[in-house]
Structure formats: C-alpha cells, structure tokens
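> Pasting a structure below so you can have a look.
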There are 4 protein chains.
Amino acid sequence: MKVYEIQQFGLESLVQAERPEPKIKDNQILIKVSAVSLNFRDLMTVMGSYNPKQKLPLIPLSDGVGEVVAIGQEVKRVKVGDRVAAIFAQKWIAGEPERKRLGTTLGGPYDGTLAEYIALDEDGIVHLPNHLSNEEAATLPCAGVTAWNAIISHGKLKAGDTILLQGTGGVSIFALQFAKLVGARVIITSSSDEKLARARALGADETINYKNNPDWEKQVRELTDGNGVDHVVEVGGTNTFDKALKSVRFAGQISVIGILSGPSAKLNLVPILMQNLRIQGIIVGSRTDFEDMNRAIELHKMKPVVDKLFSFDQTREAFEMMASGSHFGKIVIKF
Amino acid sequence: MKVYEIQQFGLESLVQAERPEPKIKDNQILIKVSAVSLNFRDLMTVMGSYNPKQKLPLIPLSDGVGEVVAIGQEVKRVKVGDRVAAIFAQKWIAGEPERKRLGTTLGGPYDGTLAEYIALDEDGIVHLPNHLSNEEAATLPCAGVTAWNAIISHGKLKAGDTILLQGTGGVSIFALQFAKLVGARVIITSSSDEKLARARALGADETINYKNNPDWEKQVRELTDGNGVDHVVEVGGTNTFDKALKSVRFAGQISVIGILSGPSAKLNLVPILMQNLRIQGIIVGSRTDFEDMNRAIELHKMKPVVDKLFSFDQTREAFEMMASGSHFGKIVIKF
Amino acid sequence: MKVYEIQQFGLESLVQAERPEPKIKDNQILIKVSAVSLNFRDLMTVMGSYNPKQKLPLIPLSDGVGEVVAIGQEVKRVKVGDRVAAIFAQKWIAGEPERKRLGTTLGGPYDGTLAEYIALDEDGIVHLPNHLSNEEAATLPCAGVTAWNAIISHGKLKAGDTILLQGTGGVSIFALQFAKLVGARVIITSSSDEKLARARALGADETINYKNNPDWEKQVRELTDGNGVDHVVEVGGTNTFDKALKSVRFAGQISVIGILSGPSAKLNLVPILMQNLRIQGIIVGSRTDFEDMNRAIELHKMKPVVDKLFSFDQTREAFEMMASGSHFGKIVIKF
Amino acid sequence: MKVYEIQQFGLESLVQAERPEPKIKDNQILIKVSAVSLNFRDLMTVMGSYNPKQKLPLIPLSDGVGEVVAIGQEVKRVKVGDRVAAIFAQKWIAGEPERKRLGTTLGGPYDGTLAEYIALDEDGIVHLPNHLSNEEAATLPCAGVTAWNAIISHGKLKAGDTILLQGTGGVSIFALQFAKLVGARVIITSSSDEKLARARALGADETINYKNNPDWEKQVRELTDGNGVDHVVEVGGTNTFDKALKSVRFAGQISVIGILSGPSAKLNLVPILMQNLRIQGIIVGSRTDFEDMNRAIELHKMKPVVDKLFSFDQTREAFEMMASGSHFGKIVIKF
C-alpha cells in the first residue's frame with residue numbers, strides 16, 4: 001500500500017513509499033483511510049523538533065478517518081462498513097492523562113494515518129457524527145479534542161464567561177466554535193482583518209488585529225471592563241504568554257496548548273502568584289472527551305472549518321501551508 | 001408604608017397592613033420596591049406548611065426588585081438610584097451552603113419583599129442586567145438562581161448533554177432557557193399541549209404530554225437511544241421521583257428542587273446504587289451564583305418568562321394562581 | 001482444573017466442578033489463583049437475587065489474587081511470576097463508570113475467580129503491595145476499592161471531617177482504615193460491643209452499639225455538636241437510610257454502597273432538598289482507583305482485616321458465614 | 001494605644017507610635033491583641049517591595065490573636081471573652097478569591113495587627129482550637145491557611161501522594177504537617193542538615209540538603225521511581241521553579257506560593273505543555289478554609305511550630321530574623 005514516510009528529518013525527506021498492508025489481530029480493525037488532517041505537531045515531527053529521538057522511518061499524522069474494511073474475531077465495538085476516526089493516544093480511553101497513555105500516540109512514536117490502510121485496536125477509535133463529510137471529520141481527533149478538553153473538560157467554561165483566543169489556527173477556531181456552543185463570549189486575535197471577519201461570521205464577539213495593535217492586551221482589558229478575561233487559550237508560546245498573563249482576570253485560567261513561537265522566555269511568576277492564576281498544560285484528550293465532543297457537534301450540526309483540501313500526492317504542499325501559518329481552521333488531505 | 005403580612009397561616013390571613021418605613025444602619029441600603037415575584041415556597045409559607053414554627057406576622061416573598069433611595073454611610077457597593085434585587089439568603093455570598101447562611105432568607109424567617117420599602121445590608125443585593133424590565137428582573141432571585149445552580153454550578157451541564165425538565169413552572173422554564181444557553185438538549189413534560197408548544201418556542205428539543213402518556217419515562221428512554229438522560233431537574237416530588245429514577249442514565253444526576261406533590265414516598269434505593277446515580281438537593285444559590293447568572297443573561301439578552309402581572313392589591317389572586325399550578329414561567333406583582 | 005460453579009441459584013447448587021484450563025490470547029495472561037475473597041454481592045449472585053437473568057453455570061467471585069504463570073505474546077504490563085489481582089470490572093480502566101464498562105465484571109456476568117486458573121486481559125489486573133500476604137491482598141478488589149472510591153475519589157473526605165460507618169463488614173472496615181489515613185474522625189456502629197472494641201483498636205474515634213441504642217442517630221448528632229456528620233457510608237439499605245438522613249449535616253453526603261436489608265422503603269425526599277444533601281451511588285471503582293489505593297496502602301503498610309480463612313473445600317461454609325453477617329472485615333478462601 | 005507604624009519604607013522607619021484606641025461599629029468587635037506572627041509578605045511590605053503604592057503610615061502584619069473585649073450591638077458570632085484570630089482578607093468569607101475580596105487584607109492596604117487593640121467586623125475573625133497557646137494560634141492566619149489551601153482545598157492531596165516542599169519556612173512546615181495528616185509522603189529540602197533532622201522529627205519521609213546536592217531535582221526523581229512527585233509547593237520563586245518543573249510528575253501540580261528569590265526568570269513553557277502540568281497561584285484562603293483547617297488541627301491536637309518568640313519591643317529583631325531566612329517554622333511576637 002502507499003504511505004508517506006519521514007525517512008530523515010526535514011520536509012524534503014517526507015516521501016511516498018510502499019509498505020505491506022497491515023495484518024489485524026483478533027482485537028483489531030483494518031481501516032481504509034479516506035481523509036487525514038495536519039496539526040502543527042506533525043510539522044514539528046517532520047522537522048525533527050517534536051521528538052528528536054523518534055525512530056525513523058515513521059508514517060506521520062495522528063488524524064485520520066476511514067471505513068472499516070475488516071475486523072478481528074474478538075471485535076465488538078465496530079463492524080465492517082463503519083466510518084471511524086483514530087483517537088490520538090491509542091491507550092487513553094478515559095480519565096486523566098498519564099505518561100504511559102500519552103506514549104501511544106499515532107504519528108509518533110507509533111506509525112500514523114498517512115497511509116492507505118491502518119490497523120488499530122478496536123478501543124482506539126470513535127464513530128463520527130453523520131452530518132460531517134470525511135474531510136470535515138478528519139479534523140477532529142487532535143485539534144478538536146484539544147479545544148474541547150481545554151475549554152470544556154478542564155476549563156469548565158460556562159455561559160457568560162469571556163475567553164480570549166489567539167490566531168485562527170485549527171485549535172483556536174474549534175475553541176471559538178465550542179465557546180459559542182456553551183454561551184461564552186469570544187475575543188479573538190489575528191494579524192489579518194480578513195480572517196477576523198471570518199471569525200466574526202463564526203460567532204466571535206470581539207476581534208483584535210494584533211499587528212495594528214501591538215499592545216492588544218490593553219484592548220482586551222478595555223473589552224472586559226478592566227477585569228480581564230476568564231480564560232485564555234494560549235497557542236502562541238513565549239511571544240504571547242506575557243500578554244496572556246496581562247489579559248486574564250484575577251483567579252482566571254490560561255490553557256497552554258501550543259508553543260508556536262519557540263520554547264522558552266523570560267517569564268514573570270509574580271502575576272501567577274499575585275493574581276491567583278491557574279496555568280494548565282493540555283495535550284489533546286481521552287476517547288471519552290472525543291465522544292462527548294462528537295455528541296455536542298452532532299446535536300448542533302456543527303461544521304469544522306476546513307481551510308484547504310490537498311490530494312495525497314500534494315502532501316508536501318499541505319505541510320508547506322502549515323509551515324506558512326496562513327491557514328484559517330484546518331488543512332486536510334483527501335485520499 | 002404598605003405591606004402584606006401573614007397574620008395567621010392560611011391565604012385568608014394574608015392581609016395588607018401598615019408598618020413604619022424601615023431605618024437603615026451604616027452598612028445598609030433602603031430600597032423602594034417596584035416588583036416582586038412568587039415562588040411555590042411562598043405559597044407554602046403562607047399556608048404554614050413550609051415552616052410551621054415561623055413567627056408571625058411575617059411579610060412574605062423573597063424575590064423583589066427596586067430602586068435604592070438611601071444608603072448608610074459605610075456603604076460602598078451601591079449608590080442611590082441603583083436598581084437592585086435582594087438575594088435569597090442574605091448571608092450567603094459565596095461558597096457552599098451552610099445551615100446558618102440558609103437561615104438568613106427573606107420571606108421567612110426574615111421579613112420579605114412584599115412591602116413598599118425594604119432595608120438590606122449592602123452585601124445582600126445584586127445589580128441587574130439593563131435589558132430587563134423591573135418585572136422581568138423580579139423573577140430572578142429564587143427560581144432563576146435555583147435553576148442556574150442546579151444545572152450550571154452543581155450540575156455542570158455541558159454542550160451535547162440531555163436534560164429532562166418537569167412541567168413549566170418558574171424553575172423549569174429558567175432551566176430550559178439556561179440549558180439551551182449552554183448547548184444542551186432539552187426534554188420537557190407538561191399536561192398541556194399548549195404549554196408544550198410554548199416550551200418548544202423557547203427552544204425545547206422534545207416535549208412529552210404526561211397526561212396522554214402516563215408511562216412517559218419510557219418515551220424519555222426512547223428519545224435517548226435507551227440510555228436515559230444525563231440530568232433530571234426534579235420539581236415534582238414523590239409522584240415523579242420514581243419516574244426520574246427510570247429516566248436518568250447510568251451514573252447520571254437528579255437535582256431535587258421541589259416537593260410539589262408532597263413529602264414522602266416509597267423510594268427504591270436499588271437504582272441509586274446499581275446505576276451509580278447522584279441525587280443532589282438544591283436550595284437556590286449564593287450571591288456569586290446570582291452574579292454569574294446575570295452575566296450570562298446579559299450577554300445573551302435573555303428574557304425571563306413572566307406569565308402574568310398582578311397589582312399590589314391583587315396579591316391574593318397572585319397566590320391563587322400559584323396554587324392552581326396553571327402558570328407557565330413566573331407570576332409577578334408590580335407595585 | 002477445579003472450579004466452583006453456580007449450577008442453579010441457591011447455595012446448595014454451588015458445587016465443585018471440572019473445567020478445562022483456560023487458553024490465553026495474545027493480549028492475555030494466565031493466573032494461578034492463590035486466594036479469593038467474598039463480598040455480599042457474591043452471596044446475592046449465588047442466591048439469584050443480584051441478577052436473576054444471569055446465565056448459569058457461572059464461576060462466582062470477583063476478588064482473586066494469584067501468580068502469573070503464562071503471558072500472551074503481546075503482553076507488556078505483566079511478566080511471568082508477577083503477583084496480581086483481578087480488577088472488578090475488566091474494562092473500567094479509568095474515568096467515570098459507564099454501563100458498558102460495568103458489564104464486564106467477574107463473578108457475573110463473566111466467570112469469576114473461584115477457579116484454579118483464570119485468564120484475563122493484561123489490562124484487567126493490578127500489581128499488589130509487597131507487604132501483603134496473598135490472603136490479605138485478595139480482600140482488595142471489591143470491598144477495598146469501593147471504600148476508597150466512596151470516601152476518597154468521590155467523597156473527597158479531608159482531615160478534620162467526621163464520617164459515619166455502619167457495621168463492621170468488609171467495606172465499613174476498609175472505610176474506617178482509609179478515613180483514619182486521611183485524618184478524618186470516625187463514628188462506627190455495630191450490634192456487638194466486642195466488634196466495637198476491635199473497631200476502636202483500628203482507630204475508630206467513637207462507637208455506637210445500635211442494639212442498645214435504637215435511636216442512635218441522636219447520639220450521632222450529639223457527637224457532632226448537633227450538626228451531624230460530613231459523610232455517611234450507607235451499607236444497610238432501607239432499614240438504615242432514614243437514620244443516615246438524620247445523621248448527616250446540612251449539605252453533607254451519603255454514599256450508597258449496599259442494600260443489605262432489602263431494596264425499597266418509605267423514603268422522605270424533604271431532607272434531601274431542605275438539607276441540600278448529596279446522595280451518591282457507588283459501585284466499586286476503576287483500575288486507577290485500585291492503583292491509587294494500593295499506593296496509599298503500601299506507603300502506610302496498611303493491613304486489610306481478614307476475619308476468617310477457609311480452604312477451597314470449605315467454600316460453602318465461607319458463604320454461610322457471609323450470610324450470617326457475623327464477620328468483622330473480610331472472609332477469604334485460600335487455595 | 002501602642003502600635004508599630006511603617007512611616008516610610010525600610011526597616012529603620014518601622015517605629016513605635018501612639019494611636020487612639022479604635023471605636024467599634026454596631027457590627028464590629030474590639031480585640032486586645034496578645035500575639036502576632038510574621039510572614040515574608042510583611043517584610044516585603046516594610047521594605048516597600050510588596051506594594052510600592054501602599055499609603056503610609058501603615059500598621060503592619062496580618063496575623064494576630066487576642067481576646068474580644070467589646071462587641072457592637074449587632075454582633076452575633078462573637079461574645080466578650082472569646083479568643084479569636086483575624087482572617088487575612090476581611091471580606092473573603094467563602095468561595096473563590098476575587099480581586100475585591102483580596103483588597104481587604106490586614107497589614108496592607110488596611111492597618112494590621114501590630115497594635116494593642118484592633119477593631120474588626122464580626123465576620124472577619126475565627127475562633128481557635130483550645131489546645132493552642134496564643135503564640136501558637138497567632139501563626140495560623142496567613143501561613144497556615146496558605147498551606148491548607150495549597151494542599152487541601154486546591155491541591156486535593158490524598159493518601160499515598162508524594163509532595164515536594166522547599167525549605168523550612170512557615171508555609172513549608174505547615175504544609176509538611178498537613179501533608180502528613182492526610183497520609184501523603186513528604187520530600188523536603190533545606191540547606192541545613194539540622195533543619196532537615198527537625199523536619200524528619202515532624203514526619204518528613206525524605207530529606208534533601210540542596211546545598212550539598214545542587215542537582216537535587218535528580219534525587220527527587222530517584223526517590224519517586226523516576227516519575228516525579230505529584231505536587232510541589234513552590235515557595236522559592238524563580239531560582240527554584242525550573243527545578244520544580246523537573247521534579248513534578250506528568251500531569252502533576254505546582255502550587256506557586258512565594259517569590260523569595262525575586263520576581264522573574266527564564267521560564268520554559270515546554271514542560272507545562274508537554275507534561276500536562278497545572279501551575280496554581282495561591283494567596284492564603286477564605287474564612288471557610290481557616291475554619292476547616294482549625295477543625296483538622298483540633299482533631300489531631302496538631303501544634304504549629306514556633307521557632308522564636310520576640311517581645312513587642314523586639315519587633316525589629318523579629319523582622320531581621322525573617323530577613324535572614326534562618327527560621328524553622330514561624331516567628332512570633334508576644335505582647
């Protein structure tokens with residue numbers, strides 16, 4: 001079967017290859033993949049910056065949707081013909097994350113979804129809302145579940161709360177959609193007025209162009225009567241964290257989700273202490289989070305935002321688009 | 001000033017009387033009342049069934065809205081001219097309920113709001129969303145906060161959850177509105193198709209006429225793929241509790257809010273144990289709950305449902321309507 | 001291999017039988033059982049009152065400890081020679097209970113531990129504290145985890161809280177030991193002064209002989225300055241539930257764990273509402289609960305209380321002792 | 001009456017002064033102070049580094065215990081002759097912290113306890129465990145409640161968990177005592193073997209001399225089978241925060257309580273994200289936290305650790321000892 005492999009770190013070494021079709025065990029299912037989507041983590045994996053010790057060659061990507069074409073004789077949760085998505089960490093079914101459970105992720109250390117067929121344990125998948133196309137459903141496993149976990153499972157965002165979102169990448173746009181589902185008020189930033197207009201169309205209450213407004217944390221304060229927001233979903237890393245600290249209210253929460261701008265910075269501990277803040281690292285979520293999210297998506301007939309579709313052969317272009325940061329929502333590869 | 005007093009238990013002894021205008025202390029405010037609303041508890045108090053040891057005469061009602069016309073010299077939270085509502089338990093500012101805090105409620109044991117003027121500690125009030133009329137705002141302190149506490153503070157209802165509401169009284173209609181704000185799915189029961197139609201207009205997803213359908217718990221199961229609902233707001237008491245037990249999913253929650261149909265019944269403990277259920281008694285909520293609720297109401301420009309307005313002189317008619325159970329939403333008296 | 005089977009409901013039809021030694025799959029392990037323990041549920045299962053639809057013959061019991069004598073080729077968590085215990089619900093690894101997860105329990109619907117060998121998925125076991133004998137370790141899976149879940153995972157009992165325990169069965173004695181580990185104050189009841197003396201030796205702060213003192217709920221109130229206890233672990237069912245309601249403080253919690261005295265009773269909903277109580281059904285717990293409990297047991301070198309040891313051939317006598325209710329702590333069968 | 005005033009920032013301007021005895025309002029009580037204790041915050045306040053905008057002169061200190069010598073006519077919680085302690089933030093009775101509630105702290109912005117008499121609202125005090133001397137009780141309001149909040153209310157530390165404590169100041173020693181009450185395992189650091197021996201005598205399970213062992217985070221890992229601790233109480237600020245990040249387990253928690261070593265540092269966000277950490281700022285706690293703590297202290301007859309007693313006239317020496325960092329537990333001034 002056709003797959004992509006990271007043969008060495010670097011985008012130029014992400015190449016098509018042939019692998020034998022996987023064989024399934026008694027408790028496994030075989031999925032014919034129809035669509036996959038990209039996350040920033042996948043780009044870092046390809047570049048070697050996510051986990052420099054990752055063994056190669058590796059089939060990248062954690063997000064994938066497809067049709068079940070065969071099942072092992074012990075399988076009970078799934079039947080042939082079902083449409084399913086892989087869960088991010090194959091052993092994280094429910095409860096809190098643990099190092100071991102997080103060591104079972106697709107697209108590193110395990111081979112991922114950028115392949116014609118994948119074999120997974122029957123516990124490692126979820127079924128999907130019917131109203132979604134394969135391409136839309138492929139966006140959910142990593143970015144969708146991360147946003148859900150940050151603002152629902154961990155964040156417990158409630159009606160009337162205000163949340164600050166940074167940029168218009170996959171996680172931020174899911175967070176915008178979920179925050180509106182639960183009745184919160186959304187402030188979102190971008191460097192592009194056009195993207196901000198699209199965010200408004202999705203329900204954003206307030207938008208800030210951070211390029212035109214480098215001290216945007218002041219505007220956040222003004223939009224919240226000087227109090228700051230209840231919750232920040234921090235995707236930018238160290239370039240934006242200091243502004244997040246200045247944007248959040250007393251005893252508010254910052255979910256740390258991404259490190260786009262690099263790993264470390266001069267960080268001031270004083271506000272964490274003096275403002276009684278909570279900083280919470282979030283890595284995706286459990287299968288239960290995924291199922292809860294799907295139920296909400298289904299009830300509201302919510303549509304994930306697919307920015308651009310690529311073909312299997314255009315995989316490198318998809319990664320280049322991710323690297324450019326120009327996307328709004330998700331980048332998807334359709335088989 | 002004019003007030004109503006319960007001089008003896010029984011509706012016929014709820015009479016207009018004259019009292020001296022209250023004097024405020026340094027940390028108190030004087031409120032000229034403009035609207036009040038009724039709760040089932042108020043009817044029970046008048047009839048002597050809520051607290052038979054209540055000292056009389058008592059000015060009834062806990063819900064009231066008015067304008068601040070004077071403030072003590074220590075007062076900081078409020079200024080003359082502010083529109084405010086009394087909070088239910090005057091000393092319950094935040095945190096968990098305590099017996100002592102719940103012993104400071106208006107309309108029994110303390111004199112209530114059915115008076116031209118009331119004096120309260122500055123900590124015993126909240127400000128109100130601007131888009132609400134006085135009559136609408138008067139519905140909030142007891143029924144609104146109870147519903148908020150049951151499904152948001154305690155219940156942590158989230159997008160995609162299904163909630164079962166019983167009847168169309170004040171708490172159930174607020175619960176319907178809040179459940180929709182947070183993206184949940186609502187099943188509601190009534191004996192009246194006309195009321196069910198009104199509930200649908202407010203967003204109810206599924207409606208059940210329990211008169212036509214005495215085994216309505218089965219319909220609840222069918223509407224939830226056999227699983228049962230995540231949450232029940234139980235207002236009916238013992239006549240409905242057994243059906244609530246049959247309507248809720250494994251490990252689901254029942255908020256016990258009302259005892260309309262009397263105090264006790266043959267109750268089966270087995271489902272509580274075997275279905276891992278949580279049963280949670282709810283008595284209104286704290287000032288913080290009230291403020292959080294107001295913030296959500298304001299953001300969504302939500303309008304409480306006032307069924308019927310009465311004048312001060314029609315107070316007994318208002319109580320008779322409450323006794324009849326014919327209302328949809330709240331009964332309000334406008335001064 | 002030798003097993004016991006429930007061939008028909010009733011203790012007289014619990015008989016020794018021969019079964020073939022189980023074969024393990026790739027992800028399974030084979031355990032040579034060395035000790036098992038009894039729970040009230042097992043007695044109900046034998047009598048047909050736990051699940052009248054249970055298919056027979058069934059090997060009873062959920063609690064068992066033994067040595068791993070073979071492993072499938074995929075197994076990673078366990079190696080040959082490890083000492084392990086089965087977890088109660090084989091698929092409940094972490095997180096909240098779900099109907100499906102609770103449908104994977106040993107001793108019904110699945111065959112249980114009263115057999116020379118059992119085969120389990122590698123995920124369905126835990127390792128055990130070293131300081132425990134096999135007989136002591138065999139007491140943990142059901143009664144130990146139930147008590148841990150009720151007072152730690154769900155109950156969040158903290159230092160300084162007061163907890164009321166009923167009787168001296170397996171769950172209550174574990175609850176006593178865990179409550180003392182976390183710095184709580186324990187009030188415990190029994191009909192036997194001798195058992196109460198043993199409870200005191202294990203750390204109980206206050207003891208009540210309910211036979212001599214039929215209105216023992218009043219004594220509970222007196223022992224708590226009239227406030228009532230923070231938490232009740234209700235094992236008695238309907239005979240004691242009404243007293244539990246009178247023993248618990250405003251806004252306190254009752255964990256419903258057992259139904260020794262029968263399924264239903266006249267229950268008063270009023271205190272649940274007016275006292276803001278929480279009633280929480282508890283069925284054992286997840287593997288994560290088990291592991292957390294083991295860590296605490298190991299740190300404190302805590303010893304479970306084994307009342308009496310029986311041999312494999314004395315299995316019926318063991319069940320008879322359970323039926324008599326005369327035990328203090330756990331009844332164990334040693335192979 | 002005699003008081004100390006900060007007349008200008010700097011220890012040399014902390015001087016004795018005369019003030020008129022305070023007059024109480026209807027809802028206030030007058031306390032004759034018998035003992036006060038120091039916290040690092042008080043030293044920062046004197047030096048002007050806690051809040052440079054603090055208006056002077058200010059009576060410092062938040063911790064004080066004394067006898068009620070007069071009460072206003074509305075007072076109900078307290079009677080003359082009661083022994084009470086001031087709560088840290090006078091308006092923080094229960095629930096979550098809010099900016100406004102935290103703006104009502106003694107010893108800045110409000111005048112504090114270093115005075116012969118103080119007048120407080122009746123809601124601004126707690127009663128104290130009988131077994132404590134005045135000097136012991138004076139240690140509780142800030143350091144005691146902070147440790148309780150960090151590891152009990154927020155941290156939910158449970159039996160079997162491992163906690164890392166830094167140094168032997170007031171908060172760390174309280175945290176050690178509370179952690180042992182709830183059955184946790186304690187690892188504590190100090191630069192002094194003699195202090196570590198005292199910590200062991202109080203129950204510390206493992207001790208690390210960080211002077212002899214500059215890479216002490218590695219030792220923490222070794223002591224926890226390579227996993228790291230469940231919880232760190234971070235008092236050191238930026239010098240130690242990086243080591244705290246390396247000492248805590250996947251999905252563990254760091255409570256940020258102090259900033260002894262200065263406000264800011266190069267902080268690495270990656271572990272927060274990749275290890276799913278929670279960082280929680282903690283500023284003392286509510287009156288409810290204080291009352292819960294007192295209940296636990298009373299049950300266990302726990303004794304706070306008073307390192308050294310000073311007289312009122314030795315107040316500056318007491319501050320100098322705080323500045324030296326040489327203390328183990330609390331520094332107290334007895335009137």
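Within each chain, counting starts at residue 1; across the structure tokens, chains are named A, B, ... in the order shown, with ligands numbered 1 upward in that order.
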Excluding stretch 100-107 of chain A and residues on its chain fewer than 4 positions from it, collect all residues at most 8 Å away from it, counting only C-alpha atoms, and give them as a list of chain:residue names.

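Near neighbours after the sequence-gap exclusion: A:Asp42, A:Leu58, A:Ile59, A:Pro60, A:Leu61, A:Ser62, A:Phe88, A:Ala89, A:Gln90, A:Lys91, A:Trp92, A:Asp111, A:Gly112, A:Thr113.
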
> When you get a sec, could you note down which chain A residues fall within 12 Å of chain C, using only C-alpha atoms, as a PyMOL selection string?

chain A and resi 25-28+73-74+76-77+91-98+100-101+121+123+286-289

> As a ChimeraX atom specification, list the residues of stretch 54-252 of chain B assigned to helix (DSSP H, G or I) by DSSP on the backbone atoms of this structure.

/B:99-102,122-124,134-137,140-153,170-181,193-201,216-223,238-247

> Fewer than 5 positions away in the same chain doesn't count, so skip those; otherwise give me all residues within 7 Å of B:Val145, counting only C-alpha atoms, as a PDB file with N, CA and C atoms, in the first residue's frame.


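The file below, result_5.pdb, is the result:
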```pdb
ATOM      1  N   LEU B 140     -35.869  36.742  39.112  1.00  0.00           N
ATOM      2  CA  LEU B 140     -34.573  36.061  39.150  1.00  0.00           C
ATOM      3  C   LEU B 140     -34.151  35.465  40.491  1.00  0.00           C
ATOM      4  N   VAL B 284     -31.797  27.127  46.050  1.00  0.00           N
ATOM      5  CA  VAL B 284     -31.387  28.412  45.492  1.00  0.00           C
ATOM      6  C   VAL B 284     -29.872  28.418  45.305  1.00  0.00           C
ATOM      7  N   GLY B 285     -29.179  29.512  45.665  1.00  0.00           N
ATOM      8  CA  GLY B 285     -27.743  29.589  45.450  1.00  0.00           C
ATOM      9  C   GLY B 285     -27.189  30.837  46.094  1.00  0.00           C
ATOM     10  N   ASP B 289     -23.458  32.936  42.548  1.00  0.00           N
ATOM     11  CA  ASP B 289     -24.267  32.262  41.521  1.00  0.00           C
ATOM     12  C   ASP B 289     -25.165  33.276  40.803  1.00  0.00           C
ATOM     13  N   PHE B 290     -25.789  34.138  41.593  1.00  0.00           N
ATOM     14  CA  PHE B 290     -26.699  35.158  41.037  1.00  0.00           C
ATOM     15  C   PHE B 290     -25.941  36.077  40.072  1.00  0.00           C
TER      16      PHE B 290
END
```

> Nearest to C:Ala150: which of B:Val75, B:Leu273, B:Glu234, B:Ile31 is it, counting only C-alpha atoms?

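The closest residue to C:Ala150 is B:Leu273.
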
> To one decimal place in Å, what is the distance between atom CA of C:Val3 and atom CA of C:Gly81?

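Interatomic distance, atom CA of C:Val3 to atom CA of C:Gly81: 22.1 Å.
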